[in-house]
Amino acid sequence: MSALQNPLSSLYKEICSRYEYLRRFARIEYDDEEYQQLLSCARDTLKYYNRIGITQQKEARAALLAFACEYVRRNKPTDDNVFWKNFSSEIGIPDGIDYSLAADLLWQSYEEYNIPQLRGSQNRLIVKSLISEVQASEVNLEDCIEFFYWYYYQVGHEEITSEMLLQYERSTKRVLNLHPKALPGFSRDCQLLSRIVEYTTENGLSFFSTNRDSYSQQIRESLGEEYDFAKIHFVRNAAQLGKIFARLENYVTPALFLKIIAQGSLHAHVRAPRSGTVAAYVACKHWQAQTLSYGLYSLDQTMYRVVPQPWVSLAAIAQWPSGQIVPLRKGFVGYKRSVRFTAKSGSRTSESRECILETGKVCYIWVGGVPKGEPLWIDGKLCQASEGVSWEIALAMGETEEGPTLLLRCDALKVFFPTKPRAPLAITTSQNHTWEGFLSSEGYLKKSRSIVFPLQPGCQSLSLTLSLDGQPLSQKLVQLQPAYLFSARTFEHIPMGVRDEGEERAYYLFAPVGDRLSYDERCLEVELLEHSWGDFAIYRIIWDEGPFRLQLGSCVWAFLRRSYFFAQMIPNTHREPFRFSQKQIQRFSEASLRIFTDIDVGEASIECQVFSREQCIFQTDFCSHLNRSETEPHSYTARLQLFEDLDRVVGELLGEERYGHYEFFFYRDERLLDTATLTLLPPLKVSTDINQLVWEQKPLPLTVSTSPSLLLWNTAQNRLHTTTTLFIYPSMKRTIAQLDAQYPGLFGFSSEEVTTSIVFPSIGAFVEIAVRPVVFGVRLYQRQQVGRRVTDYKCVETGDYYSLQQTVVYVFTRPGALVSLFQEGKCLQQRRADSNGNFLLTELNAVQQECKSESTRFEVSSEGQTASFTIRWVPVVYTCHVEDGQVVVDMDGPLGSSVIVDIVDTDRTVLASFPLSCRGERYVTSFALPLLKGVASQGYIIPRYVLADGTLISGIKQWRIPLNPKTLTIPDTWLQAGVGFSSDELFTSLVLDI
């Protein structure tokens with residue numbers, strides 16, 4: 001019996017497993033290979049049944065019954081005679097041999113496996129019992145398949161419960177008689193098959209592919225090994241599976257349908273509902289997935305039903321009541337009307353879409369997911385299913401002055417309870433950290449950006465409780481992992497596992513202190529930081545080249561190659577005189593976005609999300625908006641259409657409230673690649689004419705106005721306002737080039753740029769205003785004679801009357817402007833400035849002639865602006881000497897001033913003083929040198945100057961003069977003969993004696 005025992009035992013276990021699963025023996029189906037195994041065991045059973053033990057006999061009866069059920073299913077016998085004749089031939093019972101053993105074993109197995117034993121008036125109805133059971137099972141199979149259709153469209157992936165069976169019965173008027181013990185297995189089958197069908201429709205696969213093995217392998221590789229047709233027990237027959245897929249596969253989304261068209265022949269014929277036939281290339285060019293109508297289409301001979309989701313059928317849409325929100329599977333709802341309508345979820349608004357039913361009737365539908373915790377309005381009706389809370393908790397990395405640290409982060413908090421307007425909301429951690437907020441007047445709160453909680457070392461788990469109006473509403477539990485890897489650039493947590501690509505070069509690893517790291521030193525640089533976080537040591541890791549592999553016990557991070565992704569936002573806003581920063585714009589279409597990446601954007605899925613005030617207001621498939629650079633490899637530019645769409649969406653959603661900060665997030669497979677920021681500013685206007693000629697250092701008011709939607713700070717009123725007035729002080733700066741070589745030291749001037757700024761306090765934004773006024777200014781230059789050297793021209797505040805021949809008046813004004821020189825209304829000179837706005841007044845004879853007093857003011861005028869300079873004329877004594885007993889004085893000075901000539905001795909004692917009046921011109925006068933007795937033989941003349949107002953100014957010049965001079969005659973003979981002194985000694989002695 002050894003020939004029977006080994007294969008029979010394994011086959012029996014498989015039969016029992018399926019029976020336990022399906023709870024009906026005749027529902028167990030077998031493929032061709034399994035049928036041959038059953039046939040072999042049935043033959044051996046009839047040969048060796050009486051030679052084996054009781055256990056093996058039970059196994060043999062099960063195998064014989066399994067074979068008999070499959071035989072009836074395949075051959076469809078109608079009566080006993082036909083059955084026994086063909087059945088005996090199949091299992092090898094020769095003609096004329098009694099088949100009573102087979103009949104007895106089948107009858108006994110009926111009782112063992114709950115198959116009704118039918119009886120006639122005098123005999124057992126063995127064959128009829130078997131045929132009836134198989135037929136009943138097949139009817140039950142059809143019921144299961146019908147239930148699966150309903151399950152796929154209405155439920156999707158949920159576990160089947162008895163309540164769900166009642167819901168199916170109420171909605172379809174059908175009954176699924178299923179043994180309670182078979183329910184878990186049947187539920188698993190439906191979940192597996194539903195996911196397989198969904199995957200194949202979403203990815204354009206077909207069950208009827210010529211290569212069924214590769215088709216099945218792709219499903220297992222994508223979804224997992226458990227998604228195997230061989231593991232679906234309630235339907236194993238290829239024909240039945242084909243029937244299911246034929247009914248479900250041709251339901252495709254608009255995007256998938258257009259993809260199918262593009263992958264086929266461009267000359268294929270596509271027929272749309274209510275329209276004619278077009279070539280495939282025309283459909284690819286003009287049809288858009290966002291606007292393509294739902295309905296029945298054909299591509300050559302193949303029919304496709306284009307629907308919002310593969311599990312939404314046109315027949316089901318036809319049954320939807322108009323104007324009512326219809327719950328669908330997977331948290332989706334549908335809505336139908338005969339006219340167009342809109343649906344709004346949070347800040348996102350979407351339009352209904354045309355749907356042509358198979359009857360030709362036109363309606364408009366919307367299908368979408370119900371966002372938990374966010375109000376969903378469809379055609380003005382609130383979807384009550386959106387009430388609730390949605391929030392996610394994750395461990396994240398932060399940075400302090402000491403170094404990296406761990407934080408607890410609450411992402412994407414959404415709470416919607418319309419019956420609790422303005423209710424207080426709180427999130428509390430088990431470490432007693434709390435965040436508080438309030439619902440809006442509509443009972444709604446949404447925070448798309450993170451709420452961060454500090455995390456104290458030493459805990460292995462942490463709980464967070466969300467409370468509404470003081471009552472606990474939801475709770476989350478966070479368990480610490482053995483180790484954490486974070487991006488050093490984005491601080492994003494990087495999960496463990498093996499990936500093809502890693503986007504970062506630098507990382508931080510939090511690992512238990514003392515644990516050994518395993519890595520390739522040729523690829524990774526690992527540095528242990530001095531700073532630690534509790535029991536976690538912190539490592540900084542630099543990925544140089546080669547594959548990335550880091551292992552810490554059972555924790556492994558591995559990337560085969562490094563990719564990069566950098567976003568560079570370049571604003572192109574130019575509005576003189578405003579100088580916007582690198583992140584400031586007034587329209588999104590004024591910005592450009594460059595991407596530097598080695599990711600294949602043609603194959604990758606990169607999502608761009610735009611946030612305003614912590615709300616996601618725009619998201620799109622970013623790769624579809626990129627143009628590859630023709631000159632730079634791995635460089636892309638975002639199309640203008642992206643920013644124009646953003647301008648439109650922001651205008652529709654936010655209107656006049658759109659001004660503020662916007663953050664761009666770029667995700668790939670839910671991993672953050674990079675971020676960018678822009679600040680949208682309102683229109684700004686300066687009402688001051690900044691091209692007018694202005695006097696330097698004279699305050700110039702700048703009045704700036706803005707939109708009432710974003711107020712600026714009014715500095716004068718010290719409050720927010722739509723306008724503000726700023727004062728700038730125009731000035732000139734010296735150039736590095738001399739105006740003329742004949743005037744050394746005289747440099748030209750130019751208008752200096754003056755900056756100020758306005759402030760938008762509500763968003764913390766500053767906008768710089770840069771003005772270069774057309775400045776009018778006057779400079780007075782003079783050079784001095786110092787000994788034999790003449791100095792360069794130097795700028796002076798007041799001109800010296802006596803240096804007018806070495807004086808230049810420099811005027812800076814508008815190029816080509818007329819410059820006039822006035823003195824008390826009298827025009828002395830008039831000439832135009834050169835092409836640089838420079839004007840030099842070098843001939844000052846007229847200026848000198850107009851000087852009549854100690855201080856004479858001259859005015860320079862150009863285009864209504866006037867500046868002045870002053871020439872100062874004070875008394876002066878040029879020379880003073882004694883001649884023939886007369887003191888001769890050469891002097892000058894304005895009328896009204898005078899000179900006091902003091903005669904002093906060597907001790908500076910004033911011996912005599914003589915006042916002399918100035919005549920307004922240079923003249924020479926004299927007076928007699930008085931006879932002074934009892935004084936030294938010589939003295940000094942020192943002048944003092946008296947101004948017109950009586951101010952006395954001491955002079956610094958002095959002249960030595962003889963006092964009481966003596967006549968001394970030296971005979972010529974002495975000089976000729978010499979007197980024993982050298983000529984120098986004699987001369988000195990004589991001079992001192994005199």
# chains A, B, ... in the order shown; residues from 1 in each chain; ligands from 1
>>> select_by_dssp(residues="region 150-398 of chain A", states="alpha helix (DSSP H)", output="number ranges by chain")
A: 150-154, 162-172, 183-202, 212-223, 238-248, 254-263, 280-286, 314-319
>>> residues_around(residues="Ile244 (chain A)", least_positions_apart="5", cutoff="9 Å", atoms="only C-alpha atoms", output="VMD selection string")
chain A and resid 145 149 239 249
>>> write_last_selection(atoms="N, CA and C atoms", output="mmCIF file, in the first residue's frame")
data_model
loop_
_atom_site.group_PDB
_atom_site.id
_atom_site.type_symbol
_atom_site.label_atom_id
_atom_site.label_comp_id
_atom_site.auth_asym_id
_atom_site.auth_seq_id
_atom_site.Cartn_x
_atom_site.Cartn_y
_atom_site.Cartn_z
ATOM 1 N N ILE A 145 -20.439 34.572 -7.310
ATOM 2 C CA ILE A 145 -19.871 35.478 -8.315
ATOM 3 C C ILE A 145 -20.695 36.757 -8.402
ATOM 4 N N TYR A 149 -19.471 40.704 -7.685
ATOM 5 C CA TYR A 149 -19.661 41.907 -8.487
ATOM 6 C C TYR A 149 -20.154 43.055 -7.594
ATOM 7 N N ALA A 239 -12.375 29.453 -16.890
ATOM 8 C CA ALA A 239 -13.509 30.010 -17.613
ATOM 9 C C ALA A 239 -14.305 30.962 -16.727
ATOM 10 N N GLU A 249 -13.008 44.187 -16.555
ATOM 11 C CA GLU A 249 -11.775 44.789 -17.069
ATOM 12 C C GLU A 249 -12.010 45.990 -17.958
#
>>> residues_around(residues="Gln784 (chain A)", least_positions_apart="6", cutoff="10 Å", atoms="only C-alpha atoms", output="PyMOL selection string")
chain A and resi 790-794+803+806-807
>>> write_last_selection(atoms="N, CA and C atoms", output="PDB file, in the first residue's frame")
ATOM      1  N   VAL A 790      51.492 125.134  -4.588  1.00  0.00           N
ATOM      2  CA  VAL A 790      50.067 125.402  -4.713  1.00  0.00           C
ATOM      3  C   VAL A 790      49.314 124.091  -4.442  1.00  0.00           C
ATOM      4  N   THR A 791      48.371 124.122  -3.526  1.00  0.00           N
ATOM      5  CA  THR A 791      47.628 122.914  -3.169  1.00  0.00           C
ATOM      6  C   THR A 791      46.622 122.564  -4.260  1.00  0.00           C
ATOM      7  N   ASP A 792      46.078 121.287  -4.189  1.00  0.00           N
ATOM      8  CA  ASP A 792      44.962 120.920  -5.057  1.00  0.00           C
ATOM      9  C   ASP A 792      43.706 121.637  -4.602  1.00  0.00           C
ATOM     10  N   TYR A 793      42.751 121.650  -5.472  1.00  0.00           N
ATOM     11  CA  TYR A 793      41.473 122.245  -5.111  1.00  0.00           C
ATOM     12  C   TYR A 793      40.809 121.421  -4.012  1.00  0.00           C
ATOM     13  N   LYS A 794      40.298 122.112  -3.040  1.00  0.00           N
ATOM     14  CA  LYS A 794      39.608 121.462  -1.926  1.00  0.00           C
ATOM     15  C   LYS A 794      38.261 122.122  -1.718  1.00  0.00           C
ATOM     16  N   SER A 803      40.949 134.739  -2.573  1.00  0.00           N
ATOM     17  CA  SER A 803      41.405 133.589  -3.365  1.00  0.00           C
ATOM     18  C   SER A 803      40.465 133.301  -4.534  1.00  0.00           C
ATOM     19  N   GLN A 806      41.623 131.554  -7.546  1.00  0.00           N
ATOM     20  CA  GLN A 806      41.878 130.126  -7.397  1.00  0.00           C
ATOM     21  C   GLN A 806      40.618 129.416  -6.894  1.00  0.00           C
ATOM     22  N   THR A 807      39.465 129.911  -7.278  1.00  0.00           N
ATOM     23  CA  THR A 807      38.184 129.379  -6.807  1.00  0.00           C
ATOM     24  C   THR A 807      37.364 128.909  -8.001  1.00  0.00           C
TER      25      THR A 807
END
>>> residues_around(residues="region 883-889 of chain A", least_positions_apart="2", cutoff="6 Å", atoms="only C-alpha atoms", output="PyMOL selection string")
chain A and resi 880-881+924-929
>>> closest_atom_pairs(of="region 578-685 of chain A", to="region 413-420 of chain A", cutoff="12 Å", atoms="only C-alpha atoms", output="tab-separated table")
residue	atom	partner	partner_atom	distance
A:Glu614	CA	A:Leu413	CA	10.3
A:Gln615	CA	A:Lys414	CA	10.4
A:Cys616	CA	A:Lys414	CA	11.9
>>> residues_around(residues="Gln481 (chain A)", least_positions_apart="6", cutoff="10 Å", atoms="only C-alpha atoms", output="PyMOL selection string")
chain A and resi 395+460-461+510-511+555
>>> residues_around(residues="region 215-222 of chain A", least_positions_apart="4", cutoff="9 Å", atoms="only C-alpha atoms", output="PyMOL selection string")
chain A and resi 196+199-200+205-207+209-211+226-229
>>> atom_distance(atom1="CA of Ile260 (chain A)", atom2="CA of Ala280 (chain A)")
10.1 Å
>>> select_by_dssp(residues="region 410-638 of chain A", states="strand (DSSP E or B)", output="PyMOL selection string")
chain A and resi 410-416+424-429+434-438+444-447+451-454+461-468+471-479+484-487+493-494+497-502+506-512+518-519+524-533+536-543+548-552+555-562+565-571+575+578-579+584-585+591-597+606-612+615-621+626-628+635-638
>>> closest_residue(among="A:Leu8, A:Cys69, A:Ala506, A:Ile941", to="Thr55 (chain A)", atoms="only C-alpha atoms")
A:Leu8
>>> atom_distance(atom1="CA of Ser629 (chain A)", atom2="CA of Glu501 (chain A)")
22.9 Å
